[in-house]
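Trainee: Below are the structure tokens for one structure; questions will follow.
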Amino acid sequence: MCYQHYFNLSGKKMVVGRLLLLLLVTISTRYVAAQRVGEPLSVWQKGQLDIHHISTGQGNAALLILPDGTSLLIDAGAIDPVDWRTGKPRDIPTRPDTMRQAGEWIARYARNALRFRADPAIDYVLLTHFHDDHMGTPRHGIKRAAGGYVLSGITEVAEYISVHRVLDRGWPDYSYPQSMEADSIVANYRHFLSWQQKHNGLTVERFQAGRTDQIVSKYNSTCPVKIRNLMVNGECWTGKGTQTKHLFPDLTGLPLLQRPNENMCSAVLSIHYGDFTYFSGGDIPGVLSFGTPEWHDMETPLAAITGPIDVKLVDHHGYRDAENSVLLTALKPRVLVIPAWSTSHPAPEVLERMLSTMTYDGKRDVFTTNLLQEAKTLNKQWLAQLKSQSGHVVIRVEPGGKRYRVFVLDDTQEIAPIKAIYGFYKAKSKR
């Protein structure tokens with residue numbers, strides 16, 4: 001401002017002053033953008049699209065900051081410390097350490113990433129489906145909120161940072177494809193929603209396939225970002241307008257083992273900014289076990305409506321039932337991010353499909369957030385081709401959506417210094 005005031009003394013000097021001011025701003029912007037390994041990631045800047053895949057070791061959590069500063073949290077996992085299959089404790093440490101639970105770590109990460117706001121808050125939360133590694137669980141929980149519900153996952157995130165709106169697949173009755181009255185995870189979550197609505201003005205709505213008006217830029221209505229709801233509860237966008245088609249048959253009389261499971265009902269979306277496209281599919285399956293009905297494949301219908309993309313959050317953590325060749329061939333992702341937390345993430349055959357040029361031509365870079373030792377042993381032949389085996393994976397898209405970089409951050413320290421930088425990648429999607 002001092003330069004501009006001085007050069008207002010005459011017309012000619014005013015022009016020179018504005019040029020000098022522009023130069024100073026340009027230098028400042030380039031300095032902020034110049035990142036080095038070992039430094040903390042610079043704060044979001046207006047016009048950027050940031051996608052933070054947060055590594056807590058306890059499940060999925062992705063914080064998105066849209067170009068106008070709108071924030072969206074997709075999932076906030078906190079797994080049950082006791083494995084429901086075996087009844088044995090899970091020895092999976094929380095990142096960066098066990099001094100706090102995953103939900104609090106997610107909130108602290110979000111507050112830091114949103115520090116450009118005077119009062120950091122999460123504008124939207126989308127829970128893709130009702131599993132502990134995507135939303136938290138009250139089972140074996142020891143921390144409770146003033147409202148009486150157990151703090152775990154999303155219920156704990158909201159304890160440390162304000163949440164304004166929540167979208168999920170079940171609101172308001174949570175009865176499809178069957179009643180969830182007896183589900184302790186959903187019961188605790190509904191208690192949380194009711195208390196937050198009454199005391200903090202939280203709004204809740206059901207995520208609906210086909211729409212582009214449920215998650216929008218709040219601070220600049222002209223922001224050129226489109227978030228398309230692709231699928232939820234077996235309802236799939238057709239690719240035309242807001243039309244959808246139902247993929248599930250009539251459930252009346254259907255054998256229990258053939259009924260849609262929770263993963264099949266996951267909320268799926270795509271995010272478009274300029275030439276850049278991001279895909280998030282929750283835990284949808286696409287590779288069927290013997291004897292499973294063909295309509296249990298949720299990935300193949302998406303292949304018909306979703307063209308080439310830039311970055312893909314790998315479905316179902318790269319578990320053996322996900323990432324079929326039909327979807328991979330259609331999407332041709334340049335970057336794939338695996339939100340791994342278990343010994344089965346990813347399955348070797350899934351990693352082989354993602355890396356093979358027989359699936360689709362061209363380069364691709366694969367990043368994982370938390371590859372456990374057992375998973376490293378199972379996937380030892382592919383390890384050299386992975387760009388990361390641990391850490392927060394941040395996609396930073398430049399203003400305009402023409403190119404982007406990938407930053408891998410150290411998840412063993414709260415300051416999360418940069419471990420590696422990849423790109424620039426040229427965004428390829430034209431939508």
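Ordered as shown in the structure tokens, chains take letters A, B, and onward, while each chain numbers its residues from 1 and ligands are numbered from 1 in the order shown.
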Please build the interface table for region 102-195 of chain A against region 50-74 of chain A with a cut-off of 9 Å, listing for each qualifying residue the nearest atom pair and the distance in Å to one decimal; count only C-alpha atoms, order rows by chain and increasing number, and write it as a Markdown table.
Mentor:
| residue | atom | partner | partner_atom | distance |
| --- | --- | --- | --- | --- |
| A:Ala102 | CA | A:Thr56 | CA | 6.0 |
| A:Gly103 | CA | A:Thr56 | CA | 8.9 |
| A:Trp105 | CA | A:Thr56 | CA | 7.3 |
| A:Ile106 | CA | A:Ile54 | CA | 7.1 |
| A:Tyr109 | CA | A:Ile54 | CA | 7.9 |
| A:Ala110 | CA | A:Leu63 | CA | 7.0 |
| A:Ala113 | CA | A:Ile65 | CA | 8.7 |
| A:Leu114 | CA | A:Ile65 | CA | 8.1 |
| A:Phe116 | CA | A:Gly69 | CA | 8.7 |
| A:Arg117 | CA | A:Gly69 | CA | 8.4 |
| A:Ala121 | CA | A:Ser71 | CA | 7.6 |
| A:Ile122 | CA | A:Ser71 | CA | 5.3 |
| A:Asp123 | CA | A:Ser71 | CA | 5.2 |
| A:Tyr124 | CA | A:Leu72 | CA | 4.6 |
| A:Val125 | CA | A:Leu73 | CA | 4.7 |
| A:Leu126 | CA | A:Ile74 | CA | 4.8 |
| A:Leu127 | CA | A:Ile74 | CA | 6.0 |
| A:Thr128 | CA | A:Ile74 | CA | 7.2 |
| A:Asp132 | CA | A:Gly59 | CA | 7.9 |
| A:Asp133 | CA | A:Gly59 | CA | 4.2 |
| A:His134 | CA | A:Asn60 | CA | 5.3 |
| A:Met135 | CA | A:Asn60 | CA | 8.3 |
| A:Gly136 | CA | A:Gly59 | CA | 8.7 |
Trainee: For Gln413 (chain A), list every protein, DNA or RNA residue within 12 Å, evaluated using only C-alpha atoms, and leave out those in the same chain fewer than 6 positions away; present the list as a PyMOL selection string.
Mentor: chain A and resi 38+40+55-56+94-98+105+109+391-392+419
Trainee: Keeping only N, CA, C and O atoms, write those residues as a PDB file, in the first residue's frame.
Mentor:
ATOM      1  N   GLY A  38      11.094 -31.111   3.473  1.00  0.00           N
ATOM      2  CA  GLY A  38      11.499 -30.743   4.827  1.00  0.00           C
ATOM      3  C   GLY A  38      10.746 -29.552   5.386  1.00  0.00           C
ATOM      4  O   GLY A  38      10.761 -29.322   6.600  1.00  0.00           O
ATOM      5  N   PRO A  40       7.080 -27.322   5.987  1.00  0.00           N
ATOM      6  CA  PRO A  40       5.634 -27.539   6.050  1.00  0.00           C
ATOM      7  C   PRO A  40       4.984 -27.105   4.731  1.00  0.00           C
ATOM      8  O   PRO A  40       5.507 -26.226   4.042  1.00  0.00           O
ATOM      9  N   SER A  55      -3.745 -39.088   6.765  1.00  0.00           N
ATOM     10  CA  SER A  55      -3.323 -40.404   7.234  1.00  0.00           C
ATOM     11  C   SER A  55      -3.295 -40.444   8.755  1.00  0.00           C
ATOM     12  O   SER A  55      -2.422 -39.852   9.389  1.00  0.00           O
ATOM     13  N   THR A  56      -4.263 -41.143   9.345  1.00  0.00           N
ATOM     14  CA  THR A  56      -4.270 -41.363  10.789  1.00  0.00           C
ATOM     15  C   THR A  56      -4.027 -42.832  11.125  1.00  0.00           C
ATOM     16  O   THR A  56      -3.897 -43.178  12.301  1.00  0.00           O
ATOM     17  N   THR A  94      -2.286 -45.228  15.973  1.00  0.00           N
ATOM     18  CA  THR A  94      -2.817 -43.989  15.428  1.00  0.00           C
ATOM     19  C   THR A  94      -1.670 -43.059  15.054  1.00  0.00           C
ATOM     20  O   THR A  94      -0.696 -42.940  15.783  1.00  0.00           O
ATOM     21  N   ARG A  95      -1.785 -42.389  13.892  1.00  0.00           N
ATOM     22  CA  ARG A  95      -0.794 -41.398  13.474  1.00  0.00           C
ATOM     23  C   ARG A  95      -1.288 -39.999  13.811  1.00  0.00           C
ATOM     24  O   ARG A  95      -2.484 -39.741  13.666  1.00  0.00           O
ATOM     25  N   PRO A  96      -0.418 -39.064  14.217  1.00  0.00           N
ATOM     26  CA  PRO A  96       1.023 -39.216  14.403  1.00  0.00           C
ATOM     27  C   PRO A  96       1.425 -39.932  15.677  1.00  0.00           C
ATOM     28  O   PRO A  96       2.528 -40.430  15.780  1.00  0.00           O
ATOM     29  N   ASP A  97       0.516 -40.005  16.674  1.00  0.00           N
ATOM     30  CA  ASP A  97       0.825 -40.783  17.873  1.00  0.00           C
ATOM     31  C   ASP A  97      -0.480 -41.123  18.573  1.00  0.00           C
ATOM     32  O   ASP A  97      -1.575 -40.715  18.151  1.00  0.00           O
ATOM     33  N   THR A  98      -0.394 -41.886  19.646  1.00  0.00           N
ATOM     34  CA  THR A  98      -1.582 -42.360  20.342  1.00  0.00           C
ATOM     35  C   THR A  98      -2.020 -41.438  21.482  1.00  0.00           C
ATOM     36  O   THR A  98      -2.904 -41.804  22.253  1.00  0.00           O
ATOM     37  N   TRP A 105      -7.186 -35.841  15.825  1.00  0.00           N
ATOM     38  CA  TRP A 105      -6.092 -35.578  14.895  1.00  0.00           C
ATOM     39  C   TRP A 105      -6.624 -35.015  13.571  1.00  0.00           C
ATOM     40  O   TRP A 105      -6.031 -34.099  12.986  1.00  0.00           O
ATOM     41  N   TYR A 109      -5.645 -31.365  12.107  1.00  0.00           N
ATOM     42  CA  TYR A 109      -5.108 -31.225  10.751  1.00  0.00           C
ATOM     43  C   TYR A 109      -5.963 -30.220   9.968  1.00  0.00           C
ATOM     44  O   TYR A 109      -5.438 -29.336   9.276  1.00  0.00           O
ATOM     45  N   GLY A 391       2.126 -41.643   4.788  1.00  0.00           N
ATOM     46  CA  GLY A 391       2.065 -40.184   4.811  1.00  0.00           C
ATOM     47  C   GLY A 391       0.756 -39.624   4.298  1.00  0.00           C
ATOM     48  O   GLY A 391      -0.013 -40.298   3.600  1.00  0.00           O
ATOM     49  N   HIS A 392       0.489 -38.366   4.654  1.00  0.00           N
ATOM     50  CA  HIS A 392      -0.636 -37.637   4.075  1.00  0.00           C
ATOM     51  C   HIS A 392      -0.322 -37.402   2.594  1.00  0.00           C
ATOM     52  O   HIS A 392       0.802 -37.040   2.242  1.00  0.00           O
ATOM     53  N   LYS A 419       7.678 -34.712   2.613  1.00  0.00           N
ATOM     54  CA  LYS A 419       8.617 -35.812   2.383  1.00  0.00           C
ATOM     55  C   LYS A 419       9.025 -35.907   0.914  1.00  0.00           C
ATOM     56  O   LYS A 419      10.157 -36.265   0.592  1.00  0.00           O
TER      57      LYS A 419
END
Trainee: Considering only C-alpha atoms, state which residue in the set A:Ser184, A:Gln48, A:Ser152, A:Ser344 is at the smallest distance from Ile395 (chain A).
Mentor: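 Of the candidates, the smallest distance to Ile395 (chain A) is held by A:Gln48.
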Trainee: At what distance in Å, to one decimal, does CA of Thr306 (chain A) lie from CA of Asp250 (chain A)?
Mentor: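 Going from CA of Asp250 (chain A) over to CA of Thr306 (chain A) covers 26.2 Å.
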Trainee: Any idea what the distance is between CA of Glu294 (chain A) and CA of Ser266 (chain A)?
Mentor: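 CA of Glu294 (chain A) sits 17.3 Å away from CA of Ser266 (chain A).
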Trainee: Write out as a PyMOL selection string each polymer residue whose atoms come within 8 Å of Pro177 (chain A), counting only C-alpha atoms; drop sequence neighbours fewer than 2 positions from it.
Mentor: chain A and resi 175+179+233+251+259-260
Trainee: Of the residues A:Asp168, A:Glu205, A:Asp83, A:Asp119, which is the one nearest to Ala267 (chain A), using only C-alpha atoms?
Mentor: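 Nearest to Ala267 (chain A): A:Asp168.
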Trainee: What separation in Å, quoted to one decimal, exists between CA of Ile284 (chain A) and CA of Arg396 (chain A)?
Mentor: 25.5 Å
